[in-house]
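Source file: my_file-v7.cif. Holds: mmCIF, C-alpha atoms.
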```cif
data_input
loop_
_atom_site.label_atom_id
_atom_site.label_comp_id
_atom_site.auth_asym_id
_atom_site.auth_seq_id
_atom_site.Cartn_x
_atom_site.Cartn_y
_atom_site.Cartn_z
CA MET A 1 -44.53 2.56 -41.38
CA LEU A 2 -41.77 5.12 -40.84
CA CYS A 3 -40.23 4.20 -44.20
CA VAL A 4 -43.61 4.52 -45.93
CA ALA A 5 -44.21 7.90 -44.27
CA CYS A 6 -40.79 9.14 -45.39
CA SER A 7 -41.47 7.88 -48.92
CA LEU A 8 -44.68 9.92 -49.02
CA ALA A 9 -43.17 13.02 -47.43
CA LEU A 10 -39.60 13.34 -48.71
CA GLY A 11 -38.30 14.29 -52.11
CA THR A 12 -37.51 17.31 -54.23
CA ARG A 13 -40.61 18.90 -52.68
CA SER A 14 -40.78 17.99 -48.99
CA VAL A 15 -44.30 17.70 -47.59
CA PRO A 16 -45.08 17.94 -43.83
CA LEU A 17 -46.46 14.72 -42.32
CA SER A 18 -49.64 16.54 -41.30
CA ALA A 19 -50.22 17.46 -44.96
CA VAL A 20 -49.50 13.86 -45.98
CA ILE A 21 -52.16 12.56 -43.60
CA GLU A 22 -54.68 15.15 -44.76
CA ALA A 23 -54.00 14.27 -48.40
CA LEU A 24 -54.45 10.54 -47.74
CA PHE A 25 -57.83 11.15 -46.07
CA GLY A 26 -58.90 13.57 -48.80
CA VAL A 27 -58.99 16.55 -46.47
CA GLY A 28 -56.07 18.57 -47.80
CA GLY A 29 -55.71 20.26 -51.16
CA GLY A 30 -53.24 22.16 -53.26
CA ARG A 31 -49.88 21.06 -54.65
CA ASP A 32 -48.90 19.03 -51.58
CA ALA A 33 -51.98 16.82 -51.93
CA ILE A 34 -51.35 16.36 -55.67
CA VAL A 35 -47.74 15.37 -55.01
CA VAL A 36 -48.70 12.89 -52.28
CA THR A 37 -51.71 11.19 -53.86
CA GLY A 38 -50.83 11.63 -57.52
CA LEU A 39 -47.11 10.84 -57.52
CA ARG A 40 -45.72 9.46 -54.27
CA LEU A 41 -48.55 7.17 -53.17
CA PRO A 42 -48.50 5.07 -56.38
CA ARG A 43 -44.68 5.10 -56.32
CA THR A 44 -44.66 3.90 -52.71
CA VAL A 45 -47.20 1.12 -53.36
CA VAL A 46 -45.20 -0.05 -56.37
CA GLY A 47 -42.04 0.04 -54.23
CA LEU A 48 -43.66 -2.04 -51.49
CA VAL A 49 -44.84 -4.72 -53.93
CA ILE A 50 -41.65 -4.85 -56.01
CA GLY A 51 -39.45 -4.89 -52.91
CA ALA A 52 -41.44 -7.77 -51.43
CA ALA A 53 -41.27 -9.70 -54.71
CA LEU A 54 -37.50 -9.26 -55.05
CA GLY A 55 -36.93 -10.15 -51.39
CA LEU A 56 -39.03 -13.31 -51.70
CA ALA A 57 -37.32 -14.28 -54.95
CA GLY A 58 -33.92 -13.93 -53.30
CA ALA A 59 -34.95 -15.96 -50.25
CA VAL A 60 -36.26 -18.82 -52.39
CA ALA A 61 -33.25 -18.71 -54.74
CA GLN A 62 -30.84 -18.94 -51.80
CA GLY A 63 -32.92 -21.65 -50.11
CA ILE A 64 -33.24 -24.03 -53.05
CA THR A 65 -29.60 -23.60 -54.13
CA ARG A 66 -28.19 -23.51 -50.58
CA ASN A 67 -26.01 -20.70 -51.91
CA PRO A 68 -26.02 -17.32 -50.09
CA LEU A 69 -25.00 -15.52 -53.30
CA ALA A 70 -28.02 -16.69 -55.30
CA ALA A 71 -30.39 -13.91 -56.38
CA PRO A 72 -32.28 -12.78 -59.49
CA THR A 73 -29.18 -10.90 -60.64
CA THR A 74 -26.76 -13.82 -60.26
CA LEU A 75 -29.22 -16.21 -61.95
CA GLY A 76 -29.28 -14.04 -65.08
CA ILE A 77 -32.95 -13.06 -64.70
CA ASN A 78 -32.39 -9.29 -64.70
CA ALA A 79 -30.05 -9.45 -67.68
CA GLY A 80 -32.49 -11.65 -69.63
CA ALA A 81 -35.28 -9.13 -69.14
CA GLY A 82 -32.96 -6.29 -70.11
CA LEU A 83 -31.83 -7.92 -73.35
CA VAL A 84 -35.34 -8.72 -74.58
CA VAL A 85 -36.59 -5.20 -73.77
CA VAL A 86 -33.62 -3.63 -75.58
CA VAL A 87 -34.21 -5.83 -78.63
CA ALA A 88 -37.95 -5.03 -78.56
CA ILE A 89 -37.25 -1.28 -78.41
CA TYR A 90 -34.76 -1.61 -81.27
CA ALA A 91 -36.98 -3.78 -83.49
CA LEU A 92 -40.48 -2.54 -82.66
CA GLY A 93 -39.85 1.09 -81.71
CA LEU A 94 -41.43 0.87 -78.23
CA THR A 95 -41.49 4.15 -76.33
CA GLN A 96 -43.46 3.57 -73.09
CA PRO A 97 -42.42 1.47 -70.04
CA VAL A 98 -45.88 -0.14 -69.93
CA GLN A 99 -45.11 -1.63 -73.36
CA TYR A 100 -42.06 -3.38 -71.93
CA LEU A 101 -44.00 -5.57 -69.46
CA GLY A 102 -44.58 -8.65 -71.59
CA PHE A 103 -41.13 -8.56 -73.17
CA ALA A 104 -39.37 -8.12 -69.83
CA PHE A 105 -41.24 -11.00 -68.24
CA ALA A 106 -40.56 -13.24 -71.23
CA GLY A 107 -36.85 -12.38 -71.11
CA ALA A 108 -36.63 -12.98 -67.37
CA ALA A 109 -38.46 -16.30 -67.63
CA GLY A 110 -36.36 -17.40 -70.60
CA ALA A 111 -33.07 -16.60 -68.87
CA ALA A 112 -34.13 -18.38 -65.68
CA ALA A 113 -35.28 -21.42 -67.65
CA PHE A 114 -31.95 -21.51 -69.50
CA ALA A 115 -29.98 -21.27 -66.25
CA LEU A 116 -32.20 -24.00 -64.80
CA ALA A 117 -31.54 -26.28 -67.78
CA VAL A 118 -27.77 -25.71 -67.74
CA GLY A 119 -27.69 -26.08 -63.96
CA ARG A 120 -28.97 -29.65 -64.09
CA ARG A 121 -26.58 -32.55 -63.72
CA ALA A 122 -27.54 -36.22 -64.08
CA GLY A 123 -31.22 -35.24 -64.16
CA ASP A 124 -31.07 -33.25 -60.91
CA LEU A 125 -30.46 -29.58 -60.17
CA ASP A 126 -26.90 -28.84 -59.04
CA PRO A 127 -26.94 -25.72 -56.76
CA VAL A 128 -23.38 -24.62 -57.50
CA ARG A 129 -23.70 -25.30 -61.22
CA LEU A 130 -26.97 -23.33 -61.28
CA VAL A 131 -25.46 -20.19 -59.76
CA LEU A 132 -22.31 -20.40 -61.91
CA SER A 133 -24.33 -20.84 -65.10
CA GLY A 134 -26.60 -17.96 -64.09
CA THR A 135 -23.65 -15.66 -63.43
CA VAL A 136 -22.03 -16.49 -66.77
CA LEU A 137 -25.39 -16.05 -68.51
CA HIS A 138 -25.79 -12.64 -66.84
CA LEU A 139 -22.44 -11.45 -68.19
CA VAL A 140 -23.15 -12.74 -71.70
CA LEU A 141 -26.61 -11.16 -71.86
CA VAL A 142 -25.35 -7.81 -70.56
CA SER A 143 -22.70 -7.74 -73.28
CA TRP A 144 -25.33 -8.53 -75.94
CA SER A 145 -27.55 -5.73 -74.63
CA SER A 146 -24.63 -3.31 -74.78
CA THR A 147 -23.95 -4.36 -78.37
CA VAL A 148 -27.53 -3.60 -79.43
CA LEU A 149 -27.41 -0.23 -77.66
CA LEU A 150 -24.21 0.68 -79.51
CA PHE A 151 -25.97 0.16 -82.83
CA SER A 152 -28.91 2.44 -82.06
CA GLU A 153 -28.78 5.79 -80.28
CA ARG A 154 -32.61 5.89 -80.22
CA THR A 155 -32.72 2.54 -78.39
CA LEU A 156 -30.15 3.82 -75.90
CA ASP A 157 -32.25 6.94 -75.20
CA GLU A 158 -35.44 4.91 -74.71
CA ALA A 159 -33.98 2.05 -72.67
CA ARG A 160 -31.41 3.67 -70.41
CA PHE A 161 -33.86 4.86 -67.71
CA TRP A 162 -35.56 1.44 -67.57
CA LEU A 163 -32.26 -0.47 -67.60
CA VAL A 164 -30.91 1.27 -64.48
CA GLY A 165 -34.03 0.25 -62.50
CA SER A 166 -36.52 2.78 -61.18
CA ILE A 167 -39.96 3.06 -59.60
CA ALA A 168 -40.29 6.77 -60.43
CA GLY A 169 -43.30 7.46 -62.62
CA ARG A 170 -44.69 3.91 -62.22
CA ASP A 171 -48.41 4.14 -61.58
CA LEU A 172 -50.72 1.42 -60.31
CA GLY A 173 -51.80 0.68 -63.88
CA THR A 174 -48.28 -0.60 -64.54
CA LEU A 175 -48.47 -2.92 -61.55
CA VAL A 176 -51.95 -4.39 -62.05
CA PRO A 177 -51.16 -6.63 -65.08
CA MET A 178 -48.41 -8.39 -63.10
CA LEU A 179 -50.43 -9.00 -59.91
CA PRO A 180 -51.56 -12.56 -60.91
CA THR A 181 -47.98 -13.75 -61.45
CA LEU A 182 -46.79 -11.96 -58.32
CA VAL A 183 -49.49 -13.60 -56.18
CA ALA A 184 -48.85 -17.02 -57.73
CA GLY A 185 -45.11 -16.67 -57.08
CA ALA A 186 -45.70 -15.61 -53.46
CA VAL A 187 -48.04 -18.57 -52.84
CA ILE A 188 -45.50 -21.06 -54.25
CA ALA A 189 -42.70 -19.41 -52.23
CA GLY A 190 -44.72 -19.81 -49.04
CA ALA A 191 -45.48 -23.43 -49.89
CA VAL A 192 -41.82 -24.45 -50.43
CA GLY A 193 -40.58 -22.59 -47.33
CA PRO A 194 -40.90 -25.53 -44.90
CA ALA A 195 -39.33 -27.91 -47.44
CA MET A 196 -36.29 -25.64 -47.73
CA ASN A 197 -35.56 -26.26 -44.04
CA THR A 198 -35.23 -29.96 -44.81
CA LEU A 199 -33.29 -29.22 -47.99
CA ALA A 200 -30.77 -27.24 -45.92
CA LEU A 201 -29.65 -30.54 -44.35
CA GLY A 202 -28.24 -31.62 -47.72
CA ASP A 203 -29.69 -33.46 -50.68
CA GLU A 204 -28.98 -36.97 -49.39
CA ALA A 205 -30.34 -36.29 -45.92
CA ALA A 206 -33.42 -34.55 -47.33
CA ALA A 207 -34.09 -37.42 -49.73
CA SER A 208 -33.70 -39.95 -46.91
CA LEU A 209 -36.39 -38.04 -44.99
CA GLY A 210 -38.75 -38.44 -47.92
CA LEU A 211 -38.40 -34.96 -49.46
CA PRO A 212 -38.75 -34.90 -53.27
CA VAL A 213 -35.67 -32.76 -53.74
CA GLY A 214 -35.98 -32.29 -57.50
CA ARG A 215 -39.63 -31.25 -57.36
CA VAL A 216 -39.01 -28.81 -54.50
CA ARG A 217 -36.19 -27.15 -56.44
CA PHE A 218 -38.28 -26.98 -59.61
CA ALA A 219 -41.22 -25.41 -57.72
CA GLY A 220 -38.82 -22.95 -56.11
CA MET A 221 -37.41 -21.90 -59.47
CA VAL A 222 -40.94 -21.38 -60.80
CA ALA A 223 -41.58 -19.05 -57.85
CA VAL A 224 -38.33 -17.16 -58.53
CA ILE A 225 -39.23 -16.75 -62.22
CA LEU A 226 -42.74 -15.47 -61.43
CA LEU A 227 -41.62 -13.06 -58.69
CA ALA A 228 -38.41 -11.72 -60.20
CA GLY A 229 -39.78 -11.65 -63.75
CA SER A 230 -42.82 -9.65 -62.67
CA ALA A 231 -40.76 -7.24 -60.56
CA VAL A 232 -38.22 -6.60 -63.31
CA SER A 233 -40.92 -6.03 -65.90
CA VAL A 234 -42.44 -3.26 -63.77
CA ALA A 235 -39.38 -1.53 -62.34
CA GLY A 236 -36.44 -2.64 -64.46
CA PRO A 237 -33.46 -4.72 -63.32
CA ILE A 238 -32.97 -3.55 -59.72
CA ALA A 239 -30.00 -5.40 -58.26
CA PHE A 240 -29.09 -6.60 -54.76
CA ILE A 241 -32.52 -6.29 -53.07
CA GLY A 242 -33.03 -10.02 -53.61
CA LEU A 243 -29.52 -10.71 -52.36
CA ALA A 244 -29.55 -8.49 -49.29
CA ALA A 245 -33.09 -8.95 -47.92
CA PRO A 246 -32.74 -12.65 -46.88
CA HIS A 247 -29.40 -11.94 -45.20
CA LEU A 248 -30.91 -9.05 -43.25
CA VAL A 249 -33.78 -11.27 -42.04
CA ARG A 250 -31.43 -14.12 -41.05
CA LEU A 251 -29.28 -11.65 -39.13
CA VAL A 252 -32.29 -10.53 -37.07
CA LEU A 253 -34.64 -13.53 -36.92
CA GLY A 254 -32.52 -16.63 -37.55
CA ARG A 255 -32.24 -19.17 -40.36
CA ASP A 256 -35.67 -20.82 -40.33
CA HIS A 257 -36.79 -20.50 -43.96
CA ARG A 258 -40.44 -20.14 -42.94
CA VAL A 259 -39.46 -17.02 -40.97
CA VAL A 260 -37.08 -15.79 -43.68
CA ILE A 261 -39.82 -16.06 -46.33
CA HIS A 262 -42.24 -13.97 -44.29
CA GLY A 263 -39.51 -11.61 -43.08
CA CYS A 264 -38.55 -10.76 -46.66
CA LEU A 265 -42.05 -9.38 -47.18
CA ILE A 266 -40.91 -6.59 -44.86
CA ALA A 267 -37.16 -6.46 -45.47
CA GLY A 268 -37.45 -6.23 -49.28
CA PRO A 269 -39.78 -3.20 -49.29
CA LEU A 270 -37.76 -1.61 -46.47
CA LEU A 271 -34.53 -1.83 -48.48
CA LEU A 272 -36.10 -0.73 -51.75
CA LEU A 273 -37.98 2.25 -50.34
CA SER A 274 -34.94 3.33 -48.30
CA ALA A 275 -32.76 3.26 -51.43
CA ASP A 276 -35.44 5.16 -53.37
CA ILE A 277 -35.63 7.85 -50.68
CA VAL A 278 -31.83 8.20 -50.67
CA GLY A 279 -31.93 8.56 -54.45
CA ARG A 280 -34.43 11.42 -54.18
CA LEU A 281 -32.39 13.32 -51.60
CA ILE A 282 -28.82 12.73 -52.71
CA ALA A 283 -28.69 15.19 -55.64
CA PRO A 284 -31.59 17.67 -55.49
CA PRO A 285 -33.42 18.88 -57.52
CA SER A 286 -32.66 15.81 -59.69
CA GLU A 287 -33.11 12.18 -58.62
CA VAL A 288 -30.76 9.20 -58.74
CA GLN A 289 -32.60 6.05 -59.86
CA VAL A 290 -33.06 3.41 -57.18
CA GLY A 291 -31.22 0.84 -59.30
CA ILE A 292 -28.07 2.97 -59.19
CA VAL A 293 -28.34 3.40 -55.41
CA THR A 294 -28.83 -0.35 -54.77
CA ALA A 295 -25.93 -1.19 -57.09
CA PHE A 296 -23.69 1.32 -55.31
CA LEU A 297 -24.56 -0.08 -51.87
CA GLY A 298 -24.87 -3.72 -52.97
CA ALA A 299 -21.45 -4.15 -54.57
CA PRO A 300 -19.59 -3.98 -51.21
CA LEU A 301 -22.21 -6.32 -49.72
CA LEU A 302 -21.62 -8.90 -52.46
CA ALA A 303 -17.86 -8.71 -51.93
CA MET A 304 -18.32 -9.11 -48.16
CA LEU A 305 -20.60 -12.15 -48.57
CA ALA A 306 -18.26 -13.76 -51.09
CA ASN A 307 -15.30 -13.24 -48.78
CA ARG A 308 -17.27 -14.62 -45.81
CA LYS A 309 -18.31 -17.69 -47.84
CA GLU A 310 -14.70 -18.28 -48.91
CA HIS A 311 -13.50 -18.26 -45.30
CA GLN A 312 -16.26 -20.69 -44.29
#
```

Spell out the structure here as structure tokens.
Amino acid sequence: MLCVACSLALGTRSVPLSAVIEALFGVGGGRDAIVVTGLRLPRTVVGLVIGAALGLAGAVAQGITRNPLAAPTTLGINAGAGLVVVVAIYALGLTQPVQYLGFAFAGAAGAAAFALAVGRRAGDLDPVRLVLSGTVLHLVLVSWSSTVLLFSERTLDEARFWLVGSIAGRDLGTLVPMLPTLVAGAVIAGAVGPAMNTLALGDEAAASLGLPVGRVRFAGMVAVILLAGSAVSVAGPIAFIGLAAPHLVRLVLGRDHRVVIHGCLIAGPLLLLSADIVGRLIAPPSEVQVGIVTAFLGAPLLAMLANRKEHQ
């Protein structure tokens, strides 16, 4: 609640909490009320939903791969969405973020499906192979996106604000079309949570206990595609929320995947809104996009996790 209150109150124009409350109940008026209800309330709601989706996607990705570095970014999902949006802007002349939704989701789903196909070995999904193939795919797709941007200055101007990841200016109309896929992804994520506890024992042990390992991993990847693809299509490729949120929940509440899944519904929005607030305050009167803030803070986290994994 404190994070939500700060998101509504803080920014280039700071609004007292009393004025925020009055605006929410329709009592207040003037510029403060317009800023709160017209700009920051939709932005905060979008941040809550996108943060929860990215956190859930990261928790499921790490659970089904048993790899703490798995996330939408390292599976190539963000880069896939970025490439298809850049190509669509270049080829079709798109100018509005709402026009990117379908293309971004298709790119994210396509990249995840490709990583899923390459990550299979002997008919089953190999967790290490999946993450490695996703990371390589991410690098390849980013280079292709950069190549397209070099050919067209207009595409660079249109795509650069979406590509860095931002929830600024996203209204509820942008979020509504993706709600069905977000809800479906969340339901599947909740359903595979208990199975991921068994999967954490290892493939052989899980199979001996009667768990259909392949089907659980496939369902988990479907959830990741729906959640991450929807989130990226609305807010652009925001990195590290999906990576950091599950680790934050495990640090506080333990490693039970049922708890981690539900905890990420809070940790993801908390991280995303906190980064967005920092971006508003760090260089007034301008704003730094939330994708830049999460990348700046997430890079050391990724290095720390990789180093910790290597020592284990």

Task: Residue nearest A:Gly76 among A:Thr44, A:Thr135, A:Thr174, A:Thr155 (counting only C-alpha atoms) - done: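 Result for the nearest residue to A:Gly76: A:Thr135.
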
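Our summary of the geometry notes that atom CA of A:Gly110 is positioned 19.7 Å from atom CA of A:Ala159.
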
Please write the residues picked by the PyMOL selection byres ((chain A and resi 5-14) around 7) on this file as a short mmCIF file (atom, residue, chain, number, x, y, z; two decimals) with C-alpha atoms, in the frame of the given file.
```cif
data_model
loop_
_atom_site.label_atom_id
_atom_site.label_comp_id
_atom_site.auth_asym_id
_atom_site.auth_seq_id
_atom_site.Cartn_x
_atom_site.Cartn_y
_atom_site.Cartn_z
CA MET A 1 -44.53 2.56 -41.38
CA LEU A 2 -41.77 5.12 -40.84
CA CYS A 3 -40.23 4.20 -44.20
CA VAL A 4 -43.61 4.52 -45.93
CA VAL A 15 -44.30 17.70 -47.59
CA PRO A 16 -45.08 17.94 -43.83
CA LEU A 17 -46.46 14.72 -42.32
CA VAL A 20 -49.50 13.86 -45.98
CA VAL A 36 -48.70 12.89 -52.28
CA ARG A 40 -45.72 9.46 -54.27
CA LEU A 41 -48.55 7.17 -53.17
CA THR A 44 -44.66 3.90 -52.71
CA LEU A 273 -37.98 2.25 -50.34
CA ILE A 277 -35.63 7.85 -50.68
CA ARG A 280 -34.43 11.42 -54.18
CA LEU A 281 -32.39 13.32 -51.60
CA PRO A 284 -31.59 17.67 -55.49
CA PRO A 285 -33.42 18.88 -57.52
#
```

Go through stretch 122-193 of chain A and flag each residue having an atom no more than 9 Å from stretch 91-109 of chain A; for those, report the closest pair of atoms plus their distance in Å to one decimal, using all atoms listed in the file, ordered by chain and rising number, as a tab-separated table.
```
residue	atom	partner	partner_atom	distance
A:Arg154	CA	A:Gly93	CA	8.8
A:Thr155	CA	A:Gly93	CA	8.0
A:Glu158	CA	A:Thr95	CA	6.3
A:Ala159	CA	A:Thr95	CA	8.6
A:Trp162	CA	A:Pro97	CA	7.3
A:Arg170	CA	A:Pro97	CA	8.5
A:Gly173	CA	A:Val98	CA	8.5
A:Thr174	CA	A:Val98	CA	5.9
A:Pro177	CA	A:Leu101	CA	8.5
A:Met178	CA	A:Leu101	CA	8.2
```

TODO: Would you please work out which residue, of A:Leu69, A:Ile64, A:Val259, A:Ile238, is nearest to A:Ala275 when using only C-alpha atoms?
DONE: A:Ile238

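Proximity to A:Val45 was assessed for A:Ala168, A:Val288, A:Ile188, A:Leu150 counting only C-alpha atoms; the smallest distance is recorded for A:Ala168.
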
TODO: For the structure shown, which residues end up in the PyMOL selection byres ((chain A and resi 227) around 6)? Put them as an MDAnalysis selection string, please?
DONE: chainID A and resid 53 57 182 185 224:226 228:230

Open item on the list: Using the chain letters and numbers from this file, what does the PyMOL selection byres ((chain A and resi 128) around 9) select? Give the answer as a PyMOL selection string.
Closed with: chain A and resi 65-67+119+126-127+129-133

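We find atom CA of A:Ala206 and atom CA of A:Pro194 to be spaced 12.0 Å apart.
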
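A straight line drawn from atom CA of A:Gly165 to atom CA of A:Arg31 is 27.3 Å long.
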
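With all atoms listed in the file as the atoms that count, the residue of A:Leu251, A:Val140, A:Ala79, A:Leu209 with the shortest distance to A:Cys264 is A:Leu251.
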
TODO: For A:Val290, list every protein, DNA or RNA residue within 8 Å, evaluated using only C-alpha atoms, and leave out those in the same chain fewer than 4 positions away; present the list as a ChimeraX atom specification.
DONE: /A:164-167,238,272,275-276,279,294

Listing only residues of stretch 158-261 of chain A within 12 Å of stretch 142-145 of chain A, what is the closest atom pair and its distance in Å (to one decimal) for each, using only C-alpha atoms, sorted by chain and residue number ascending, as a tab-separated table?
```
residue	atom	partner	partner_atom	distance
A:Ala159	CA	A:Ser145	CA	10.3
A:Arg160	CA	A:Ser145	CA	11.0
A:Leu163	CA	A:Ser145	CA	10.0
A:Pro237	CA	A:Val142	CA	11.3
```

Task: Residue nearest A:Pro72 among A:Gly30, A:Pro42, A:Pro269, A:Ala239 (counting only C-alpha atoms) - done: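 Selected residue with least distance to A:Pro72: A:Ala239.
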